[in-house]
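With compact mmCIF, C-alpha atoms inside, this is run_39.txt:
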# COMPACT_ATOMS: atom_id res chain seq x y z
CA MET V 10 79.83 85.85 107.87
CA ILE V 11 83.58 86.51 107.90
CA LEU V 12 83.55 88.04 104.40
CA SER V 13 80.70 90.34 105.44
CA MET V 14 82.88 91.52 108.37
CA MET V 15 85.65 92.42 105.92
CA ASN V 16 83.27 94.34 103.65
CA ALA V 17 81.85 96.25 106.59
CA SER V 18 85.33 97.24 107.70
CA LEU V 19 85.96 98.78 104.28
CA ILE V 20 82.67 100.68 104.12
CA ASN V 21 82.01 101.84 107.70
CA ARG V 22 84.72 104.44 108.13
CA SER V 23 83.96 107.41 110.33
CA PRO V 24 85.93 110.54 109.38
CA GLN V 25 86.20 111.67 113.02
CA PRO V 26 86.67 108.58 115.19
CA GLU V 27 87.01 108.56 118.95
CA VAL V 28 90.56 107.88 120.02
CA PRO V 29 90.65 104.58 121.95
CA THR V 30 92.24 105.09 125.35
CA ALA V 31 92.32 101.47 126.48
CA VAL V 32 92.29 98.03 124.91
CA ARG V 33 89.06 96.08 125.31
CA PRO V 34 89.58 93.02 127.56
CA ALA V 35 88.58 90.59 124.79
CA VAL V 36 91.10 92.18 122.41
CA ALA V 37 93.83 92.04 125.06
CA ARG V 38 93.16 88.32 125.48
CA VAL V 39 93.33 87.46 121.77
CA VAL V 40 96.15 89.75 120.57
CA PRO V 41 99.02 87.54 121.85
CA LEU V 42 97.63 84.57 119.91
CA LEU V 43 96.87 86.69 116.84
CA LEU V 44 100.40 88.08 116.64
CA LEU V 45 101.85 84.61 117.13
CA LEU V 46 99.69 82.95 114.46
CA SER V 47 100.13 85.75 111.92
CA ARG V 48 103.14 84.18 110.23
CA ALA V 49 103.74 81.36 107.79
CA HIS V 50 105.58 79.02 110.17
CA LEU V 51 105.64 78.29 113.89
CA THR V 52 108.55 76.78 115.80
CA ALA V 53 107.94 73.85 118.13
CA GLU V 54 107.99 76.32 121.02
CA GLY V 55 105.53 78.49 119.13
CA GLU V 56 103.14 75.60 118.71
CA VAL V 57 103.21 74.89 122.44
CA ARG V 58 102.59 78.54 123.20
CA ALA V 59 99.74 78.72 120.67
CA LYS V 60 97.97 75.76 122.29
CA SER V 61 98.37 77.29 125.73
CA LEU V 62 97.01 80.69 124.64
CA ALA V 63 94.14 79.11 122.73
CA SER V 64 93.04 77.00 125.70
CA ALA V 65 92.25 80.15 127.69
CA LEU V 66 89.93 81.72 125.10
CA THR V 67 86.15 81.79 125.45
CA PRO V 68 83.73 81.42 122.50
CA GLU V 69 83.31 85.20 122.51
CA ASP V 70 87.10 85.60 122.37
CA TRP V 71 87.25 83.32 119.33
CA GLN V 72 84.66 85.51 117.61
CA CYS V 73 86.79 88.56 118.38
CA LEU V 74 89.96 86.86 117.14
CA THR V 75 88.31 85.80 113.89
CA ARG V 76 86.88 89.24 113.23
CA ILE V 77 90.24 90.97 113.68
CA ALA V 78 92.10 88.31 111.67
CA ALA V 79 89.66 88.79 108.79
CA THR V 80 89.60 92.58 108.73
CA LYS V 81 93.35 92.93 109.29
CA ARG V 82 94.38 90.51 106.52
CA GLY V 83 95.81 87.78 108.71
CA LEU V 84 93.10 85.14 108.42
CA PRO V 85 94.85 82.71 106.00
CA PHE V 86 97.83 82.35 108.37
CA VAL V 87 95.64 82.19 111.48
CA HIS V 88 93.32 79.59 109.97
CA SER V 89 96.18 77.39 108.75
CA HIS V 90 97.68 77.14 112.24
CA ILE V 91 94.28 76.62 113.88
CA ALA V 92 93.67 73.72 111.50
CA GLU V 93 97.16 72.20 111.80
CA LEU V 94 97.22 72.41 115.60
CA GLY V 95 93.57 71.54 116.13
CA LEU V 96 92.95 74.71 118.15
CA LEU V 97 89.29 74.50 117.12
CA ALA V 98 87.39 71.32 116.30
CA LYS V 99 87.22 70.49 112.60
CA ASP V 100 83.42 70.82 112.57
CA ASP V 101 83.35 74.01 114.64
CA PRO V 102 81.19 76.50 112.67
CA LEU V 103 83.78 79.23 113.14
CA ARG V 104 86.58 77.08 111.73
CA VAL V 105 84.38 76.05 108.79
CA ASP V 106 83.62 79.72 108.14
CA MET V 107 87.34 80.57 108.35
CA ARG V 108 88.15 77.95 105.72
CA LYS V 109 85.55 79.31 103.29
CA ALA V 110 86.79 82.86 103.75
CA THR V 111 90.42 81.79 103.29
CA MET V 112 89.57 80.08 99.99
CA ALA V 113 87.84 83.26 98.80
CA MET V 114 90.90 85.29 99.77
CA ALA V 115 93.16 82.94 97.80
CA ALA V 116 91.00 83.57 94.74
CA GLY V 117 91.36 87.28 95.44
CA TRP V 118 95.16 86.97 95.40
CA LEU V 119 94.95 85.45 91.91
CA ARG V 120 92.83 88.41 90.82
CA PHE V 121 95.45 90.84 92.16
CA ALA V 122 98.27 88.93 90.46
CA ALA V 123 96.41 89.10 87.14
CA ALA V 124 95.74 92.83 87.60
CA GLN V 125 99.42 93.49 88.32
CA ARG V 126 100.48 91.57 85.23
CA ALA V 127 97.98 93.49 83.08
CA PHE V 128 99.10 96.86 84.48
CA LEU V 129 102.74 96.07 83.73
CA LYS V 130 101.92 95.04 80.17
CA THR V 131 99.44 97.84 79.46
CA CYS V 132 100.73 100.90 81.32
CA LEU V 133 104.46 100.49 81.99
CA THR V 134 106.05 98.33 79.31
CA PRO V 135 104.85 100.26 76.18
CA ASP V 136 106.71 103.42 77.24
CA ASP V 137 109.57 101.58 79.00
CA ILE V 138 108.72 103.26 82.32
CA ASN V 139 111.39 102.77 85.00
CA HIS V 140 109.66 101.38 88.07
CA LEU V 141 109.64 98.86 90.88
CA PHE V 142 106.82 96.96 92.57
CA PHE V 143 106.84 96.70 96.36
CA LYS V 144 104.51 95.31 99.03
CA GLY V 145 101.41 93.42 97.90
CA VAL V 146 101.62 90.59 95.39
CA VAL V 147 105.41 90.70 94.93
CA LEU V 148 105.92 89.89 98.61
CA GLY V 149 104.42 86.50 97.83
CA ARG V 150 107.88 85.41 96.68
CA TYR V 151 108.84 85.04 100.35
CA TYR V 152 105.99 82.62 101.09
CA ALA V 153 105.68 78.94 100.18
CA GLN V 154 101.98 79.63 99.57
CA PRO V 155 101.87 83.19 98.15
CA SER V 156 98.07 83.39 98.16
CA ARG V 157 98.07 83.49 101.97
CA ARG V 158 99.68 86.91 101.86
CA ILE V 159 96.55 89.06 101.42
CA CYS V 160 96.84 92.60 100.06
CA ARG V 161 94.38 95.41 99.45
CA ASP V 162 96.13 97.10 96.52
CA ILE V 163 99.16 97.04 94.24
CA ASP V 164 101.98 99.51 94.92
CA VAL V 165 104.40 100.66 92.24
CA LEU V 166 107.15 103.29 92.49
CA ILE V 167 107.77 105.44 89.42
CA ARG V 168 109.54 108.72 88.72
CA ALA V 169 107.52 111.91 89.15
CA GLU V 170 108.10 112.92 85.52
CA ASP V 171 106.42 109.69 84.36
CA VAL V 172 103.18 110.04 86.35
CA GLN V 173 101.17 111.84 83.69
CA LEU V 174 102.33 109.43 80.99
CA VAL V 175 101.30 106.41 83.06
CA ILE V 176 97.94 107.95 83.95
CA ASP V 177 97.23 108.74 80.30
CA ARG V 178 98.04 105.15 79.35
CA ALA V 179 95.89 103.81 82.16
CA ARG V 180 92.88 105.98 81.38
CA ALA V 181 93.05 105.02 77.73
CA ALA V 182 92.92 101.36 78.82
CA GLY V 183 89.82 101.87 80.98
CA TYR V 184 91.46 102.54 84.36
CA ARG V 185 89.88 105.25 86.51
CA VAL V 186 91.63 107.73 88.81
CA VAL V 187 90.27 107.57 92.39
CA ARG V 188 89.93 110.80 94.34
CA ASP V 189 88.84 109.25 97.66
CA ARG V 190 89.98 105.75 98.66
CA PHE V 191 87.74 105.69 101.76
CA THR V 192 84.50 106.19 99.85
CA GLY V 193 85.65 104.85 96.48
CA ALA V 194 84.69 108.13 94.79
CA LEU V 195 86.25 108.52 91.34
CA ALA V 196 87.73 111.56 89.64
CA GLU V 197 84.77 112.41 87.42
CA THR V 198 86.00 115.64 85.86
CA GLU V 199 89.24 117.22 84.74
CA GLN V 200 88.96 119.45 87.84
CA ASP V 201 88.87 116.33 90.02
CA LEU V 202 91.90 114.92 88.23
CA ARG V 203 93.89 118.13 88.67
CA ALA V 204 93.04 118.16 92.39
CA VAL V 205 94.22 114.55 92.80
CA LEU V 206 97.48 115.25 90.97
CA ARG V 207 98.05 118.42 92.97
CA TYR V 208 97.37 117.10 96.47
CA LYS V 209 97.77 113.33 96.65
CA ARG V 210 101.24 111.90 97.27
CA ASP V 211 100.11 108.50 95.98
CA ILE V 212 97.81 108.41 92.97
CA PRO V 213 95.17 105.65 93.25
CA LEU V 214 93.91 103.96 90.10
CA LEU V 215 91.03 101.49 89.77
CA THR V 216 91.51 98.78 87.16
CA PRO V 217 88.61 97.73 84.90
CA GLU V 218 88.37 94.60 87.10
CA GLY V 219 88.04 96.62 90.32
CA VAL V 220 91.58 96.30 91.75
CA TYR V 221 93.30 99.34 93.28
CA ILE V 222 96.77 100.33 92.08
CA GLU V 223 98.72 103.13 93.76
CA LEU V 224 101.34 105.12 91.88
CA HIS V 225 104.07 106.30 94.24
CA THR V 226 106.82 108.79 93.51
CA ASP V 227 108.18 108.89 97.07
CA ILE V 228 107.80 105.81 99.27
CA TRP V 229 109.27 107.71 102.26
CA HIS V 230 106.59 110.43 102.18
CA GLY V 231 109.13 113.22 102.36
CA ALA V 232 111.35 111.69 105.04
CA GLY V 233 114.13 111.20 102.49
CA PHE V 234 115.82 108.12 103.95
CA CYS V 235 116.98 107.01 100.53
CA ALA V 236 116.66 108.52 97.05
CA ASN V 237 113.71 106.98 95.24
CA ASP V 238 115.59 107.07 91.94
CA ALA V 239 118.38 105.06 93.57
CA LEU V 240 115.88 102.39 94.60
CA ILE V 241 114.47 102.21 91.08
CA ASN V 242 117.97 101.96 89.59
CA ALA V 243 118.94 99.18 92.05
CA ALA V 244 115.80 97.11 91.45
CA GLU V 245 116.16 93.39 90.82
CA ASP V 246 114.20 91.12 88.49
CA VAL V 247 112.10 88.36 90.03
CA GLU V 248 109.65 86.00 88.38
CA ILE V 249 106.20 85.67 89.97
CA ALA V 250 103.45 83.53 88.44
CA GLY V 251 105.31 83.43 85.12
CA THR V 252 105.95 87.19 84.84
CA SER V 253 109.17 89.09 85.55
CA TYR V 254 108.87 92.11 87.88
CA ARG V 255 111.28 94.76 89.10
CA VAL V 256 111.49 94.66 92.92
CA MET V 257 113.63 95.93 95.82
CA PRO V 258 116.66 93.93 96.97
CA LEU V 259 115.96 92.15 100.25
CA PRO V 260 118.04 94.36 102.62
CA GLU V 261 116.47 97.59 101.35
CA LEU V 262 113.03 95.98 101.31
CA PHE V 263 113.33 94.82 104.92
CA CYS V 264 114.36 98.31 106.06
CA TYR V 265 111.52 99.90 104.10
CA LEU V 266 108.93 97.49 105.52
CA ALA V 267 110.21 98.06 109.05
CA HIS V 268 109.82 101.80 108.51
CA HIS V 269 106.40 101.58 106.84
CA HIS V 270 104.85 99.10 109.26
CA THR V 271 106.19 100.96 112.31
CA ARG V 272 104.94 104.30 110.99
CA HIS V 273 101.48 102.73 110.61
CA LEU V 274 101.60 101.26 114.13
CA TRP V 275 101.61 97.63 112.94
CA SER V 276 97.90 97.97 112.28
CA SER V 277 97.71 95.07 109.82
CA LEU V 278 98.50 91.44 110.66
CA ASN V 279 100.02 90.62 107.27
CA TRP V 280 102.78 93.10 108.11
CA VAL V 281 103.75 90.95 111.10
CA ALA V 282 103.87 88.00 108.70
CA ASP V 283 106.10 89.94 106.28
CA ILE V 284 108.86 90.51 108.82
CA ALA V 285 108.84 86.86 109.86
CA ALA V 286 108.84 85.66 106.24
CA LEU V 287 111.77 87.86 105.19
CA ARG V 288 113.80 86.80 108.23
CA GLU V 289 113.24 83.16 107.25
CA ALA V 290 114.33 83.73 103.63
CA PRO V 291 117.59 81.89 102.71
CA ALA V 292 119.08 85.12 101.38
CA PHE V 293 118.35 87.12 104.55
CA ASP V 294 121.57 88.50 106.03
CA GLU V 295 120.91 90.40 109.26
CA ALA V 296 124.36 91.99 109.24
CA GLU V 297 123.79 93.35 105.72
CA VAL V 298 120.33 94.61 106.70
CA ARG V 299 121.90 96.44 109.64
CA ARG V 300 124.50 98.00 107.32
CA VAL V 301 121.78 99.27 104.99
CA ALA V 302 119.74 100.59 107.93
CA GLU V 303 122.80 102.44 109.25
CA ARG V 304 123.50 103.93 105.82
CA ILE V 305 119.97 105.29 105.30
CA GLY V 306 119.24 106.29 108.90
CA LEU V 307 116.82 103.55 109.95
CA SER V 308 118.85 101.72 112.61
CA GLU V 309 116.55 102.69 115.47
CA ILE V 310 113.45 101.48 113.63
CA LEU V 311 115.22 98.30 112.53
CA GLU V 312 116.28 97.30 116.05
CA ALA V 313 112.82 98.03 117.44
CA THR V 314 111.29 95.93 114.64
CA LEU V 315 113.53 92.93 115.32
CA ALA V 316 112.69 93.09 119.02
CA PHE V 317 108.97 93.53 118.27
CA ASP V 318 109.08 90.42 116.06
CA ALA V 319 110.59 88.44 118.95
CA LEU V 320 107.92 89.77 121.31
CA CYS V 321 105.15 88.69 118.93
CA ARG V 322 106.72 85.26 118.43
CA THR V 323 107.65 84.37 122.01
CA GLY V 324 105.74 86.78 124.23
CA MET V 325 109.08 88.01 125.60
CA LEU V 326 111.73 90.50 124.58
CA PRO V 327 115.21 89.13 123.79
CA GLN V 328 117.58 88.80 126.73
CA ASN V 329 120.28 91.43 127.26
CA ILE V 330 118.53 93.81 124.91
CA ASP V 331 119.21 97.55 125.10
CA PRO V 332 116.56 99.06 127.44
CA LEU V 333 115.74 101.78 124.91
CA VAL V 334 115.17 99.22 122.15
CA ALA V 335 113.03 97.16 124.54
CA ALA V 336 110.90 100.20 125.39
CA ARG V 337 110.36 100.96 121.70
CA ALA V 338 109.45 97.37 120.88
CA GLN V 339 106.96 97.37 123.74
CA GLU V 340 105.53 100.66 122.46
CA ASN V 341 105.09 99.06 119.04
CA TYR V 342 103.20 96.20 120.69
CA ASP V 343 101.01 98.45 122.82
CA LEU V 344 100.04 100.74 119.93
CA CYS V 345 99.39 97.75 117.67
CA GLU V 346 97.08 96.32 120.31
CA LEU V 347 95.29 99.66 120.59
CA VAL V 348 94.59 100.08 116.86
CA LEU V 349 93.92 96.51 115.70
CA GLU V 350 90.14 96.89 116.03
CA GLY V 351 90.06 100.23 114.25
CA ASN V 352 90.37 101.49 110.69
CA ALA V 353 92.84 103.92 109.12
CA HIS V 354 91.15 106.93 110.73
CA VAL V 355 91.57 105.34 114.17
CA GLU V 356 95.21 104.60 113.39
CA HIS V 357 95.85 108.25 112.50
CA ALA V 358 93.98 109.49 115.56
CA VAL V 359 95.97 107.20 117.87
CA TYR V 360 99.24 108.24 116.24
CA PHE V 361 98.66 111.94 116.80
CA ALA V 362 97.24 111.39 120.29
CA HIS V 363 100.25 109.38 121.49
CA ILE V 364 103.21 110.58 119.39
CA ALA V 365 104.74 114.04 119.20
CA PRO V 366 106.57 114.61 115.86
CA GLU V 367 109.36 116.60 117.50
CA THR V 368 110.33 113.67 119.75
CA ASP V 369 109.24 110.70 117.63
CA TRP V 370 112.01 108.07 117.52
CA ARG V 371 110.52 106.79 114.25
CA THR V 372 112.02 109.88 112.62
CA PRO V 373 115.81 110.40 112.74
CA PRO V 374 116.82 113.38 114.94
CA HIS V 375 118.09 115.47 112.01
CA MET V 376 114.69 115.16 110.30
CA ARG V 377 112.38 115.82 113.25
CA GLU V 378 112.31 119.57 112.79
CA THR V 379 111.47 119.07 109.11
CA VAL V 380 108.64 116.70 109.99
CA THR V 381 107.28 119.15 112.56
CA HIS V 382 107.39 122.02 110.06
CA ARG V 383 105.67 119.86 107.45
CA ALA V 384 102.92 118.96 109.93
CA TRP V 385 102.25 122.64 110.61
CA ARG V 386 102.46 123.49 106.92
CA SER V 387 99.83 120.84 106.16
CA ARG V 388 97.43 122.66 108.49
CA LEU V 389 97.88 125.86 106.49
CA THR V 390 97.58 124.46 102.96
CA PRO V 391 94.70 122.87 101.05
CA ASN V 392 94.49 119.09 100.82
CA ILE V 393 92.50 116.41 99.02
CA ASP V 394 90.29 115.64 102.04
CA GLN V 395 89.03 119.22 102.04
CA TYR V 396 88.44 119.06 98.31
CA ASN V 397 86.44 115.84 98.66
CA VAL V 398 84.10 117.49 101.16
CA VAL V 399 83.50 120.60 99.03
CA ARG V 400 84.74 120.33 95.45
CA LEU V 401 85.58 123.97 94.73
CA PRO V 402 87.31 125.26 91.57
CA LEU V 403 91.10 125.29 91.98
CA TRP V 404 91.25 129.09 92.23
CA LEU V 405 89.14 128.93 95.44
CA HIS V 406 91.21 126.30 97.25
CA TRP V 407 92.89 128.98 99.34
CA THR V 408 89.67 129.09 101.39
CA TYR V 409 90.06 125.49 102.64
CA PRO V 410 92.60 126.23 105.44
CA ILE V 411 90.44 129.14 106.63
CA ALA V 412 87.40 126.88 106.91
CA ARG V 413 89.50 124.27 108.68
CA ALA V 414 90.74 126.82 111.24
CA MET V 415 87.19 128.04 111.87
CA ARG V 416 85.92 124.48 112.34
CA GLY V 417 88.80 123.73 114.70
CA GLY V 418 87.96 126.81 116.75
CA VAL V 419 84.30 125.81 116.98
CA ASP V 420 85.25 122.25 118.00
CA ARG V 421 87.56 123.52 120.76
CA LEU V 422 84.95 125.99 122.04
CA SER V 423 82.32 123.24 122.08
CA ALA V 424 84.65 120.97 124.06
CA VAL V 425 85.31 123.74 126.61
CA LEU V 426 81.59 124.41 127.02
CA ARG V 427 80.78 120.71 127.44
CA ARG V 428 83.37 120.42 130.20
CA ALA V 429 82.15 123.60 131.87
CA PHE V 430 78.50 122.50 132.01
CA SER V 431 78.90 118.75 132.49
Could you render the structure as structure tokens?
Amino acid sequence: MILSMMNASLINRSPQPEVPTAVRPAVARVVPLLLLLSRAHLTAEGEVRAKSLASALTPEDWQCLTRIAATKRGLPFVHSHIAELGLLAKDDPLRVDMRKATMAMAAGWLRFAAAQRAFLKTCLTPDDINHLFFKGVVLGRYYAQPSRRICRDIDVLIRAEDVQLVIDRARAAGYRVVRDRFTGALAETEQDLRAVLRYKRDIPLLTPEGVYIELHTDIWHGAGFCANDALINAAEDVEIAGTSYRVMPLPELFCYLAHHHTRHLWSSLNWVADIAALREAPAFDEAEVRRVAERIGLSEILEATLAFDALCRTGMLPQNIDPLVAARAQENYDLCELVLEGNAHVEHAVYFAHIAPETDWRTPPHMRETVTHRAWRSRLTPNIDQYNVVRLPLWLHWTYPIARAMRGGVDRLSAVLRRAFS
């Protein structure tokens, strides 16, 4: 049952979702426990709090909690704490189902680890491609049981000039370029491939075994916090499952994850686990992380992330915290709560409904004008979503923004008429 929930969440993705305006009562009841359990370890105080929160849940609430934990990649952590603390009876059908799903997810992690190893050997090593792996499988090094850290793809940062070389290697080895991650549609023609290379910031590949790999050339998506080449040059070697990988140093990684997870409204439970796991790592140095954040312009996001982690863990913000940091941490929590039931389209809709680029604290002040201009420019230029709807020859792509403007005008007129005659 739980695995079927996960599959449905990947397939049933509406391109124009309704923006949720309030959190469903059942979700509001389970979110505090979900955010607490979505980590590798609980303190003694955390265990007491977990038991208290769990005692107030109804059978329907437990169904809701399980569904969100499964679809938002937090189930292995949630199940482990439920089992260790006896929050559900051992023979409870829901707990039995959780255990089966967790075992299947562990097998999935092994499949991802094998796919990452094969990609390194097949597509990067032969041409000595400078790179680094981030997120996904390589984050397992911060967990005593790496297979509990579920991922949906493998992310690798390479230089822009190496993209074509890596794609050629991959295609020769049976990998396919994906033109639409939401539907799984592949690039079937050279025209499709040119459209993907022209419009997508991250190039998705599908391995022969069915694992997604994303090629990134800019992990900041134009925000420019830190030079991508500098990150590649500063990468460290770490051994995972018998293979050596190039990865980010911990301070830079923590700052990047804080930025990425905040930008995506903390819409995945394994991201909550990541922050907790890195903070528990023996090599974690909060002062050094703060120095890196200051240097690359992510101090505001870092402080909000640390406070948000405390809020998830204890249900309270730290004492004597700066009121502005407290407000931002609470905003992180509220938006997370609002999007946890939705998919990526819901996340995007909530972001644009609640956050104005020109005042967004997630973007440093000196970059906000650039972000605003880029948002407007994106409305006036073709993109891969438009191509996927109507796959025109490249020389006709100038018509996409015109069609988008016309559709937007019709949608606004329809909304006005509905209000006028309702």
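One distance worth recording is that between atom CA of V:Phe142 and atom CA of V:Pro217, which is 19.8 Å.
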| query | Which of these residues is nearest to V:Ser253, using all atoms listed in the file: V:Ala122, V:Ala204, V:Ala267, V:Ala236? | reply |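 Of V:Ala122, V:Ala204, V:Ala267, V:Ala236, the one nearest V:Ser253 is V:Ala122, counting all atoms listed in the file.
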| said: For V:Ile222, find every residue with an atom within 7 Å (counting only C-alpha atoms), except residues of its own chain fewer than 4 positions away, and show them as number ranges by chain. | reply: V: 162-164, 213-215
Can you check which parts of stretch 311-417 of chain V lie within 12 Å of stretch 193-199 of chain V? Per residue, the shortest pair of atoms and distance in Å to one decimal, counting all atoms listed in the file, sorted by chain and number, as JSON lines.
{"residue": "V:Ile393", "atom": "CA", "partner": "V:Ala196", "partner_atom": "CA", "distance": 11.6}
{"residue": "V:Asp394", "atom": "CA", "partner": "V:Ala194", "partner_atom": "CA", "distance": 11.8}
{"residue": "V:Tyr396", "atom": "CA", "partner": "V:Ala196", "partner_atom": "CA", "distance": 11.5}
{"residue": "V:Asn397", "atom": "CA", "partner": "V:Ala194", "partner_atom": "CA", "distance": 8.8}
{"residue": "V:Val398", "atom": "CA", "partner": "V:Ala194", "partner_atom": "CA", "distance": 11.3}
{"residue": "V:Arg400", "atom": "CA", "partner": "V:Thr198", "partner_atom": "CA", "distance": 10.7}
{"residue": "V:Pro402", "atom": "CA", "partner": "V:Glu199", "partner_atom": "CA", "distance": 10.7}
{"residue": "V:Leu403", "atom": "CA", "partner": "V:Glu199", "partner_atom": "CA", "distance": 11.0}
Which residues of stretch 278-317 of chain V sit at most 9 Å from stretch 78-93 of chain V, using only C-alpha atoms? Give each one's shortest atom pair and distance in Å (one decimal place), in chain and ascending residue order, as JSON lines.
{"residue": "V:Leu278", "atom": "CA", "partner": "V:Gly83", "partner_atom": "CA", "distance": 4.9}
{"residue": "V:Asn279", "atom": "CA", "partner": "V:Gly83", "partner_atom": "CA", "distance": 5.3}
{"residue": "V:Trp280", "atom": "CA", "partner": "V:Gly83", "partner_atom": "CA", "distance": 8.8}
{"residue": "V:Val281", "atom": "CA", "partner": "V:Gly83", "partner_atom": "CA", "distance": 8.9}
{"residue": "V:Ala282", "atom": "CA", "partner": "V:Gly83", "partner_atom": "CA", "distance": 8.1}
| Need the neighbours of (109.1, 88.0, 93.8): which residues are at most 12 Å away, counting only C-alpha atoms, as JSON, numbers by chain? | {"V": [122, 141, 142, 143, 144, 145, 146, 147, 148, 149, 150, 151, 152, 153, 155, 244, 245, 246, 247, 248, 249, 250, 251, 252, 253, 254, 255, 256, 257, 258, 259, 262, 287, 290]}
| query | So, counting all atoms listed in the file, which residue among V:Ala65, V:Val334, V:Ile176, V:Val165 is closest to V:Leu224? | reply |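 For V:Leu224, the nearest of the candidates is V:Val165.
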Considering only C-alpha atoms, tabulate each residue of stretch 331-374 of chain V that lies at most 12 Å from stretch 37-43 of chain V along with its nearest interatomic pair and the corresponding distance in Å to one decimal; arrange the rows by chain and ascending residue number and present them as a Markdown table.
| residue | atom | partner | partner_atom | distance |
| --- | --- | --- | --- | --- |
| V:Tyr342 | CA | V:Val40 | CA | 9.6 |
| V:Asp343 | CA | V:Ala37 | CA | 9.9 |
| V:Leu344 | CA | V:Val40 | CA | 11.7 |
| V:Cys345 | CA | V:Val40 | CA | 9.1 |
| V:Glu346 | CA | V:Val40 | CA | 6.6 |
| V:Leu347 | CA | V:Ala37 | CA | 9.0 |
| V:Val348 | CA | V:Val40 | CA | 11.1 |
| V:Leu349 | CA | V:Val40 | CA | 8.6 |
| V:Glu350 | CA | V:Val40 | CA | 10.4 |
| atom CA of V:Arg371 to atom CA of V:Glu295, distance in Å rounded to a single decimal |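 Value for the atom CA of V:Arg371-atom CA of V:Glu295 distance: 20.0 Å.
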| query | V:Ala169, V:Ala63, V:Ala181, V:Val36: which is nearest V:Arg210, counting all atoms listed in the file? | reply |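 For V:Arg210, the nearest of the candidates is V:Ala169.
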| Atomic separation - atom CA of V:Leu96 relative to atom CA of V:Thr75, Å |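 The value is 12.8 Å.
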| field | Nearest-residue call for V:Phe128, choices V:Asn341, V:Ser308, V:Asn237, V:Thr216, using only C-alpha atoms | value |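 Among V:Asn341, V:Ser308, V:Asn237, V:Thr216, it is V:Thr216 that comes nearest to V:Phe128.
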| Which residues, written as a PyMOL selection string, have at least one atom at most 10 Å from V:His363, with all atoms listed in the file counted and residues fewer than 5 positions away on the same chain left out? | chain V and resi 28+30+344+358+369
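Remark: for V:Phe234, the closest of the candidate residues V:Val301, V:Leu94, V:Ala123, V:Leu133 is V:Val301 (distances computed over all atoms listed in the file).
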For the structure just given, write the atoms of stretch 158-170 of chain V, namely N, CA and C atoms, as a short mmCIF file (atom, residue, chain, number, x, y, z; two decimals), in the first residue's frame.
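What ended up in selection-v2.cif:
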data_model
loop_
_atom_site.label_atom_id
_atom_site.label_comp_id
_atom_site.auth_asym_id
_atom_site.auth_seq_id
_atom_site.Cartn_x
_atom_site.Cartn_y
_atom_site.Cartn_z
N ARG V 158 18.76 7.11 4.01
CA ARG V 158 18.70 8.41 3.36
C ARG V 158 18.25 8.20 1.91
N ILE V 159 16.93 8.29 1.68
CA ILE V 159 16.35 8.00 0.37
C ILE V 159 16.59 9.18 -0.58
N CYS V 160 16.85 8.87 -1.85
CA CYS V 160 17.01 9.93 -2.85
C CYS V 160 16.21 9.55 -4.10
N ARG V 161 15.96 10.52 -4.94
CA ARG V 161 15.20 10.25 -6.16
C ARG V 161 16.06 10.33 -7.41
N ASP V 162 17.29 10.86 -7.27
CA ASP V 162 18.20 10.92 -8.41
C ASP V 162 19.63 11.10 -7.90
N ILE V 163 20.55 11.17 -8.84
CA ILE V 163 21.96 11.38 -8.53
C ILE V 163 22.36 12.71 -9.14
N ASP V 164 22.96 13.58 -8.34
CA ASP V 164 23.33 14.92 -8.81
C ASP V 164 24.85 15.03 -8.93
N VAL V 165 25.31 15.52 -10.08
CA VAL V 165 26.75 15.70 -10.28
C VAL V 165 26.99 17.06 -10.94
N LEU V 166 27.95 17.79 -10.42
CA LEU V 166 28.32 19.10 -10.95
C LEU V 166 29.52 18.93 -11.86
N ILE V 167 29.40 19.44 -13.09
CA ILE V 167 30.51 19.42 -14.04
C ILE V 167 30.63 20.79 -14.68
N ARG V 168 31.71 21.01 -15.42
CA ARG V 168 31.88 22.28 -16.12
C ARG V 168 31.05 22.29 -17.39
N ALA V 169 30.56 23.49 -17.76
CA ALA V 169 29.68 23.60 -18.92
C ALA V 169 30.34 23.07 -20.18
N GLU V 170 31.65 23.28 -20.31
CA GLU V 170 32.34 22.84 -21.53
C GLU V 170 32.44 21.32 -21.63
#
